[in-house]
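These notes concern the structure reproduced below.
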Amino acid sequence: MVKQVLRGAGARRAGARLIGAYLRFALQTTRWTVDGEANLLPFVEAGPVLVAFWHECLPLMPALWLHVQRINRGRAAVMLVSRHADGALIGDALSGFGLGTVQGSTGRPGADDGKHEDKGGAAAMLALLRVLRRGDAVVITPDGPRGPAREAALGVLHLAATSGAPVLPVAARVRFRRRLNSWDRMILPLPFGRGVVVCLAPIAVARHAADAALGPLTQALTEAADRAEALCR
């Protein structure tokens, strides 16, 4: 019923404002530290980069963007969100943090028949390439929008290989939180706690080596998430 209500544009905008306001309150009342800031700083001022994290971290990652904007308010970033109503809701909520959005999907083979489902992936890929070519950042969840959790699709690596932009694996955790009963066990931050953002070394992807980089990317994203969890304890 909630999803049906939020399909309306007006209700979705109102819901997005509430979600965005809550996230801003929770994230700004959390005491954050950045682990691996030396890996982040080269991309704060300028230059194309793909910032990647597992979908479970999505409500926490505006904390990283707020940190970047405190250093360089002019830095621009665009996030890939799904074309479904939930993707539009996420996009509206994140717009309050200064993040632009592109709707689409990296796409996955169908589980039953092996056919590739068109979810606007080609148009999204072209739009994100334009973002990278003008020197801005792209934010992407390689296991989104619908999983399986912690299984990366190749879209982010094809973008990296085509554009020449590196992939920066990141993750975040907060001490006070709730885990949602979703496919990715998404983390909802609670206020007045302590949080950690982890930035690992960027991954360069050669032009014709996207497939070969899938294993290292998956390992790096999981390592970042596990490190953030350990540091947050």
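By convention here, the chains of the structure tokens are called A, B, ... in the order presented, each chain's residues are numbered starting at 1, and ligands are numbered starting at 1 in the order presented.
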
Can you list, as a ChimeraX atom specification, every protein, DNA or RNA residue that comes within 9 Å of region 151-157 of chain A when you count only C-alpha atoms, leaving out same-chain residues fewer than 6 positions away?
/A:50,52,54,105-108,121,125,140-144,167,205,209-211,213-215,217-218

If we count only C-alpha atoms and set the cut-off at 10 Å, which residues sit around Arg179 (chain A), ignoring sequence neighbours fewer than 6 positions away in its own chain? Please answer as a VMD selection string.
chain A and resid 56 185 to 189

I'd like to know which residues of region 17-227 of chain A are alpha helix (DSSP H) (by DSSP, run on the backbone); could you write them as an NGL selection string?
:A and (17-28 or 37-40 or 62-71 or 85-94 or 121-133 or 155-163 or 214-227)

In terms of the shortest atom-to-atom distance over only C-alpha atoms, which of A:Leu94, A:Val44, A:Ala16, A:Leu231 is closest to Asn72 (chain A)?
A:Val44

Excluding Gln69 (chain A) and residues on its chain fewer than 6 positions from it, collect all residues at most 10 Å away from it, counting only C-alpha atoms, and give them as a ChimeraX atom specification.
/A:44-45,63,75-76,97-98

Go ahead and dump the residues you just picked, N, CA, C and O atoms, as a PDB file, in the first residue's frame.
```
ATOM      1  N   VAL A  44      38.744  15.038  -4.938  1.00  0.00           N
ATOM      2  CA  VAL A  44      37.885  16.059  -4.345  1.00  0.00           C
ATOM      3  C   VAL A  44      37.862  17.322  -5.187  1.00  0.00           C
ATOM      4  O   VAL A  44      36.817  17.955  -5.369  1.00  0.00           O
ATOM      5  N   GLU A  45      39.004  17.717  -5.731  1.00  0.00           N
ATOM      6  CA  GLU A  45      39.085  18.973  -6.456  1.00  0.00           C
ATOM      7  C   GLU A  45      38.494  18.879  -7.858  1.00  0.00           C
ATOM      8  O   GLU A  45      37.713  19.725  -8.268  1.00  0.00           O
ATOM      9  N   ALA A  63      26.892  11.186   3.716  1.00  0.00           N
ATOM     10  CA  ALA A  63      27.896  11.698   4.653  1.00  0.00           C
ATOM     11  C   ALA A  63      29.224  11.940   3.946  1.00  0.00           C
ATOM     12  O   ALA A  63      29.922  12.925   4.234  1.00  0.00           O
ATOM     13  N   ARG A  75      32.280  20.843  -6.354  1.00  0.00           N
ATOM     14  CA  ARG A  75      32.409  19.497  -6.940  1.00  0.00           C
ATOM     15  C   ARG A  75      31.033  18.956  -7.294  1.00  0.00           C
ATOM     16  O   ARG A  75      30.103  18.980  -6.489  1.00  0.00           O
ATOM     17  N   ALA A  76      30.894  18.461  -8.514  1.00  0.00           N
ATOM     18  CA  ALA A  76      29.607  17.957  -8.991  1.00  0.00           C
ATOM     19  C   ALA A  76      29.628  16.442  -9.084  1.00  0.00           C
ATOM     20  O   ALA A  76      30.648  15.838  -9.418  1.00  0.00           O
ATOM     21  N   PHE A  97      20.923  16.798  -1.071  1.00  0.00           N
ATOM     22  CA  PHE A  97      22.346  16.780  -0.722  1.00  0.00           C
ATOM     23  C   PHE A  97      23.217  17.296  -1.865  1.00  0.00           C
ATOM     24  O   PHE A  97      24.444  17.204  -1.800  1.00  0.00           O
ATOM     25  N   GLY A  98      22.595  17.808  -2.908  1.00  0.00           N
ATOM     26  CA  GLY A  98      23.357  18.342  -4.021  1.00  0.00           C
ATOM     27  C   GLY A  98      23.801  17.310  -5.033  1.00  0.00           C
ATOM     28  O   GLY A  98      24.679  17.580  -5.854  1.00  0.00           O
TER      29      GLY A  98
END
```

With the cut-off set at 6 Å and counting only C-alpha atoms, tabulate each residue of region 130-223 of chain A with an atom at most that distance from an atom of region 35-39 of chain A, showing the nearest atom pair and its distance in Å to one decimal, ordered by chain and increasing number, as CSV.
```
residue,atom,partner,partner_atom,distance
A:Val198,CA,A:Asp35,CA,4.7
A:Cys199,CA,A:Gly36,CA,4.9
A:Ala201,CA,A:Asn39,CA,5.4
```

Could you dump the residues just selected with N, CA, C and O atoms as a PDB file, in the first residue's frame?
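Wrote it out as again-v1.pdb, contents follow:
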```pdb
ATOM      1  N   VAL A 198      34.902   4.574   4.760  1.00  0.00           N
ATOM      2  CA  VAL A 198      36.156   3.953   4.322  1.00  0.00           C
ATOM      3  C   VAL A 198      36.320   4.174   2.828  1.00  0.00           C
ATOM      4  O   VAL A 198      35.399   3.923   2.042  1.00  0.00           O
ATOM      5  N   CYS A 199      37.490   4.658   2.441  1.00  0.00           N
ATOM      6  CA  CYS A 199      37.833   4.834   1.027  1.00  0.00           C
ATOM      7  C   CYS A 199      39.085   4.010   0.741  1.00  0.00           C
ATOM      8  O   CYS A 199      40.151   4.286   1.302  1.00  0.00           O
ATOM      9  N   ALA A 201      41.908   2.190  -2.082  1.00  0.00           N
ATOM     10  CA  ALA A 201      42.667   2.678  -3.236  1.00  0.00           C
ATOM     11  C   ALA A 201      41.833   2.545  -4.512  1.00  0.00           C
ATOM     12  O   ALA A 201      41.102   1.558  -4.693  1.00  0.00           O
TER      13      ALA A 201
END
```

Can you list, as a PDB file with all heavy atoms, in the first residue's frame, every protein, DNA or RNA residue that comes within 12 Å of Arg134 (chain A) when you count only C-alpha atoms, leaving out same-chain residues fewer than 2 positions away?
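selection_28.pdb was written with the following content:
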```
ATOM      1  N   ALA A  46      38.878  17.864  -8.614  1.00  0.00           N
ATOM      2  CA  ALA A  46      38.428  17.767 -10.004  1.00  0.00           C
ATOM      3  C   ALA A  46      38.791  16.396 -10.557  1.00  0.00           C
ATOM      4  O   ALA A  46      39.504  15.626  -9.920  1.00  0.00           O
ATOM      5  CB  ALA A  46      39.076  18.867 -10.864  1.00  0.00           C
ATOM      6  N   GLY A  47      38.272  16.119 -11.754  1.00  0.00           N
ATOM      7  CA  GLY A  47      38.621  14.881 -12.436  1.00  0.00           C
ATOM      8  C   GLY A  47      37.535  13.839 -12.341  1.00  0.00           C
ATOM      9  O   GLY A  47      36.851  13.720 -11.320  1.00  0.00           O
ATOM     10  N   PRO A  48      37.343  13.070 -13.415  1.00  0.00           N
ATOM     11  CA  PRO A  48      36.297  12.040 -13.412  1.00  0.00           C
ATOM     12  C   PRO A  48      36.642  10.891 -12.488  1.00  0.00           C
ATOM     13  O   PRO A  48      37.795  10.473 -12.393  1.00  0.00           O
ATOM     14  CB  PRO A  48      36.270  11.579 -14.875  1.00  0.00           C
ATOM     15  CG  PRO A  48      37.660  11.852 -15.373  1.00  0.00           C
ATOM     16  CD  PRO A  48      38.118  13.091 -14.668  1.00  0.00           C
ATOM     17  N   VAL A  49      35.641  10.369 -11.787  1.00  0.00           N
ATOM     18  CA  VAL A  49      35.818   9.218 -10.908  1.00  0.00           C
ATOM     19  C   VAL A  49      34.466   8.534 -10.735  1.00  0.00           C
ATOM     20  O   VAL A  49      33.415   9.186 -10.749  1.00  0.00           O
ATOM     21  CB  VAL A  49      36.393   9.644  -9.530  1.00  0.00           C
ATOM     22  CG1 VAL A  49      35.445  10.587  -8.806  1.00  0.00           C
ATOM     23  CG2 VAL A  49      36.720   8.436  -8.669  1.00  0.00           C
ATOM     24  N   ARG A  75      32.280  20.843  -6.354  1.00  0.00           N
ATOM     25  CA  ARG A  75      32.409  19.497  -6.940  1.00  0.00           C
ATOM     26  C   ARG A  75      31.033  18.956  -7.294  1.00  0.00           C
ATOM     27  O   ARG A  75      30.103  18.980  -6.489  1.00  0.00           O
ATOM     28  CB  ARG A  75      33.088  18.568  -5.934  1.00  0.00           C
ATOM     29  CG  ARG A  75      33.478  17.197  -6.515  1.00  0.00           C
ATOM     30  CD  ARG A  75      34.563  17.359  -7.560  1.00  0.00           C
ATOM     31  NE  ARG A  75      35.253  16.108  -7.810  1.00  0.00           N
ATOM     32  CZ  ARG A  75      35.237  15.472  -8.980  1.00  0.00           C
ATOM     33  NH1 ARG A  75      34.560  15.981  -9.990  1.00  0.00           N
ATOM     34  NH2 ARG A  75      35.919  14.360  -9.139  1.00  0.00           N
ATOM     35  N   ALA A  76      30.894  18.461  -8.514  1.00  0.00           N
ATOM     36  CA  ALA A  76      29.607  17.957  -8.991  1.00  0.00           C
ATOM     37  C   ALA A  76      29.628  16.442  -9.084  1.00  0.00           C
ATOM     38  O   ALA A  76      30.648  15.838  -9.418  1.00  0.00           O
ATOM     39  CB  ALA A  76      29.277  18.559 -10.357  1.00  0.00           C
ATOM     40  N   ALA A  77      28.481  15.826  -8.772  1.00  0.00           N
ATOM     41  CA  ALA A  77      28.359  14.372  -8.854  1.00  0.00           C
ATOM     42  C   ALA A  77      26.945  14.000  -9.274  1.00  0.00           C
ATOM     43  O   ALA A  77      25.978  14.698  -8.964  1.00  0.00           O
ATOM     44  CB  ALA A  77      28.703  13.716  -7.520  1.00  0.00           C
ATOM     45  N   VAL A  78      26.840  12.889  -9.974  1.00  0.00           N
ATOM     46  CA  VAL A  78      25.559  12.373 -10.454  1.00  0.00           C
ATOM     47  C   VAL A  78      25.465  10.902 -10.040  1.00  0.00           C
ATOM     48  O   VAL A  78      26.439  10.164 -10.161  1.00  0.00           O
ATOM     49  CB  VAL A  78      25.445  12.509 -11.988  1.00  0.00           C
ATOM     50  CG1 VAL A  78      24.217  11.779 -12.513  1.00  0.00           C
ATOM     51  CG2 VAL A  78      25.390  13.979 -12.384  1.00  0.00           C
ATOM     52  N   ALA A 127      24.551   8.814 -20.816  1.00  0.00           N
ATOM     53  CA  ALA A 127      24.437   9.998 -19.970  1.00  0.00           C
ATOM     54  C   ALA A 127      25.571  10.062 -18.958  1.00  0.00           C
ATOM     55  O   ALA A 127      26.156  11.129 -18.716  1.00  0.00           O
ATOM     56  CB  ALA A 127      23.087  10.006 -19.255  1.00  0.00           C
ATOM     57  N   LEU A 128      25.918   8.914 -18.359  1.00  0.00           N
ATOM     58  CA  LEU A 128      26.990   8.892 -17.368  1.00  0.00           C
ATOM     59  C   LEU A 128      28.355   9.112 -18.009  1.00  0.00           C
ATOM     60  O   LEU A 128      29.244   9.724 -17.403  1.00  0.00           O
ATOM     61  CB  LEU A 128      26.953   7.583 -16.593  1.00  0.00           C
ATOM     62  CG  LEU A 128      25.706   7.371 -15.726  1.00  0.00           C
ATOM     63  CD1 LEU A 128      25.736   5.993 -15.075  1.00  0.00           C
ATOM     64  CD2 LEU A 128      25.577   8.456 -14.677  1.00  0.00           C
ATOM     65  N   LEU A 129      28.530   8.623 -19.223  1.00  0.00           N
ATOM     66  CA  LEU A 129      29.781   8.892 -19.938  1.00  0.00           C
ATOM     67  C   LEU A 129      29.964  10.391 -20.169  1.00  0.00           C
ATOM     68  O   LEU A 129      31.069  10.919 -20.054  1.00  0.00           O
ATOM     69  CB  LEU A 129      29.805   8.144 -21.274  1.00  0.00           C
ATOM     70  CG  LEU A 129      30.182   6.670 -21.220  1.00  0.00           C
ATOM     71  CD1 LEU A 129      29.987   6.018 -22.584  1.00  0.00           C
ATOM     72  CD2 LEU A 129      31.622   6.488 -20.741  1.00  0.00           C
ATOM     73  N   ARG A 130      28.872  11.081 -20.476  1.00  0.00           N
ATOM     74  CA  ARG A 130      28.959  12.533 -20.655  1.00  0.00           C
ATOM     75  C   ARG A 130      29.352  13.215 -19.346  1.00  0.00           C
ATOM     76  O   ARG A 130      30.137  14.178 -19.345  1.00  0.00           O
ATOM     77  CB  ARG A 130      27.622  13.083 -21.175  1.00  0.00           C
ATOM     78  CG  ARG A 130      27.345  12.754 -22.645  1.00  0.00           C
ATOM     79  CD  ARG A 130      26.195  13.579 -23.192  1.00  0.00           C
ATOM     80  NE  ARG A 130      24.925  13.210 -22.585  1.00  0.00           N
ATOM     81  CZ  ARG A 130      24.106  12.283 -23.072  1.00  0.00           C
ATOM     82  NH1 ARG A 130      24.434  11.605 -24.174  1.00  0.00           N
ATOM     83  NH2 ARG A 130      22.969  12.008 -22.482  1.00  0.00           N
ATOM     84  N   VAL A 131      28.808  12.722 -18.246  1.00  0.00           N
ATOM     85  CA  VAL A 131      29.162  13.275 -16.932  1.00  0.00           C
ATOM     86  C   VAL A 131      30.655  13.110 -16.675  1.00  0.00           C
ATOM     87  O   VAL A 131      31.348  14.046 -16.258  1.00  0.00           O
ATOM     88  CB  VAL A 131      28.341  12.592 -15.821  1.00  0.00           C
ATOM     89  CG1 VAL A 131      28.861  12.988 -14.443  1.00  0.00           C
ATOM     90  CG2 VAL A 131      26.863  12.940 -15.948  1.00  0.00           C
ATOM     91  N   LEU A 132      31.166  11.911 -16.931  1.00  0.00           N
ATOM     92  CA  LEU A 132      32.587  11.641 -16.685  1.00  0.00           C
ATOM     93  C   LEU A 132      33.477  12.443 -17.619  1.00  0.00           C
ATOM     94  O   LEU A 132      34.539  12.937 -17.215  1.00  0.00           O
ATOM     95  CB  LEU A 132      32.857  10.145 -16.833  1.00  0.00           C
ATOM     96  CG  LEU A 132      32.211   9.247 -15.774  1.00  0.00           C
ATOM     97  CD1 LEU A 132      32.298   7.779 -16.192  1.00  0.00           C
ATOM     98  CD2 LEU A 132      32.859   9.443 -14.410  1.00  0.00           C
ATOM     99  N   ASP A 136      33.227  15.312 -14.064  1.00  0.00           N
ATOM    100  CA  ASP A 136      32.468  15.191 -12.827  1.00  0.00           C
ATOM    101  C   ASP A 136      32.508  13.754 -12.301  1.00  0.00           C
ATOM    102  O   ASP A 136      33.023  12.844 -12.961  1.00  0.00           O
ATOM    103  CB  ASP A 136      31.025  15.636 -13.052  1.00  0.00           C
ATOM    104  CG  ASP A 136      30.920  17.121 -13.340  1.00  0.00           C
ATOM    105  OD1 ASP A 136      31.835  17.864 -12.915  1.00  0.00           O
ATOM    106  OD2 ASP A 136      29.948  17.543 -13.998  1.00  0.00           O
ATOM    107  N   ALA A 137      31.934  13.552 -11.121  1.00  0.00           N
ATOM    108  CA  ALA A 137      31.926  12.235 -10.479  1.00  0.00           C
ATOM    109  C   ALA A 137      30.601  11.530 -10.747  1.00  0.00           C
ATOM    110  O   ALA A 137      29.546  12.164 -10.861  1.00  0.00           O
ATOM    111  CB  ALA A 137      32.149  12.381  -8.977  1.00  0.00           C
ATOM    112  N   VAL A 138      30.668  10.203 -10.830  1.00  0.00           N
ATOM    113  CA  VAL A 138      29.482   9.352 -10.938  1.00  0.00           C
ATOM    114  C   VAL A 138      29.441   8.443  -9.716  1.00  0.00           C
ATOM    115  O   VAL A 138      30.445   7.853  -9.330  1.00  0.00           O
ATOM    116  CB  VAL A 138      29.516   8.516 -12.235  1.00  0.00           C
ATOM    117  CG1 VAL A 138      28.499   7.385 -12.179  1.00  0.00           C
ATOM    118  CG2 VAL A 138      29.257   9.395 -13.443  1.00  0.00           C
ATOM    119  N   SER A 163      35.569   5.230 -20.267  1.00  0.00           N
ATOM    120  CA  SER A 163      35.879   6.627 -19.960  1.00  0.00           C
ATOM    121  C   SER A 163      37.312   6.848 -19.505  1.00  0.00           C
ATOM    122  O   SER A 163      37.825   7.969 -19.570  1.00  0.00           O
ATOM    123  CB  SER A 163      34.938   7.129 -18.859  1.00  0.00           C
ATOM    124  OG  SER A 163      35.200   6.450 -17.639  1.00  0.00           O
ATOM    125  N   ALA A 165      38.050   6.609 -16.401  1.00  0.00           N
ATOM    126  CA  ALA A 165      37.939   7.051 -15.013  1.00  0.00           C
ATOM    127  C   ALA A 165      38.183   5.889 -14.065  1.00  0.00           C
ATOM    128  O   ALA A 165      37.730   4.767 -14.319  1.00  0.00           O
ATOM    129  CB  ALA A 165      36.553   7.640 -14.755  1.00  0.00           C
TER     130      ALA A 165
END
```

Nearby residues (only C-alpha atoms) at most 12 Å from region 191-197 of chain A, same-chain spacing under 5 positions excluded, as a ChimeraX atom specification:
/A:22-37,39-40,53,57,60-68,169-178,224-233

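Closest approach to His84 (chain A) among A:Arg133, A:Arg17, A:His55, A:Arg12: A:Arg12, based on only C-alpha atoms.
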
Determine which residues of chain A receive a DSSP assignment of strand (DSSP E), computed from the backbone, and state them as an NGL selection string.
:A and (31-35 or 49-52 or 77-81 or 100-103 or 137-140 or 167-174 or 177-179 or 187-189 or 194-199)

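From CA of Thr162 (chain A) back to CA of Leu58 (chain A), the distance works out to 25.2 Å.
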
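Counting only C-alpha atoms and comparing A:Arg73, A:Leu159, A:Gly91, A:Thr101, the residue that lies closest to Ile19 (chain A) is A:Gly91.
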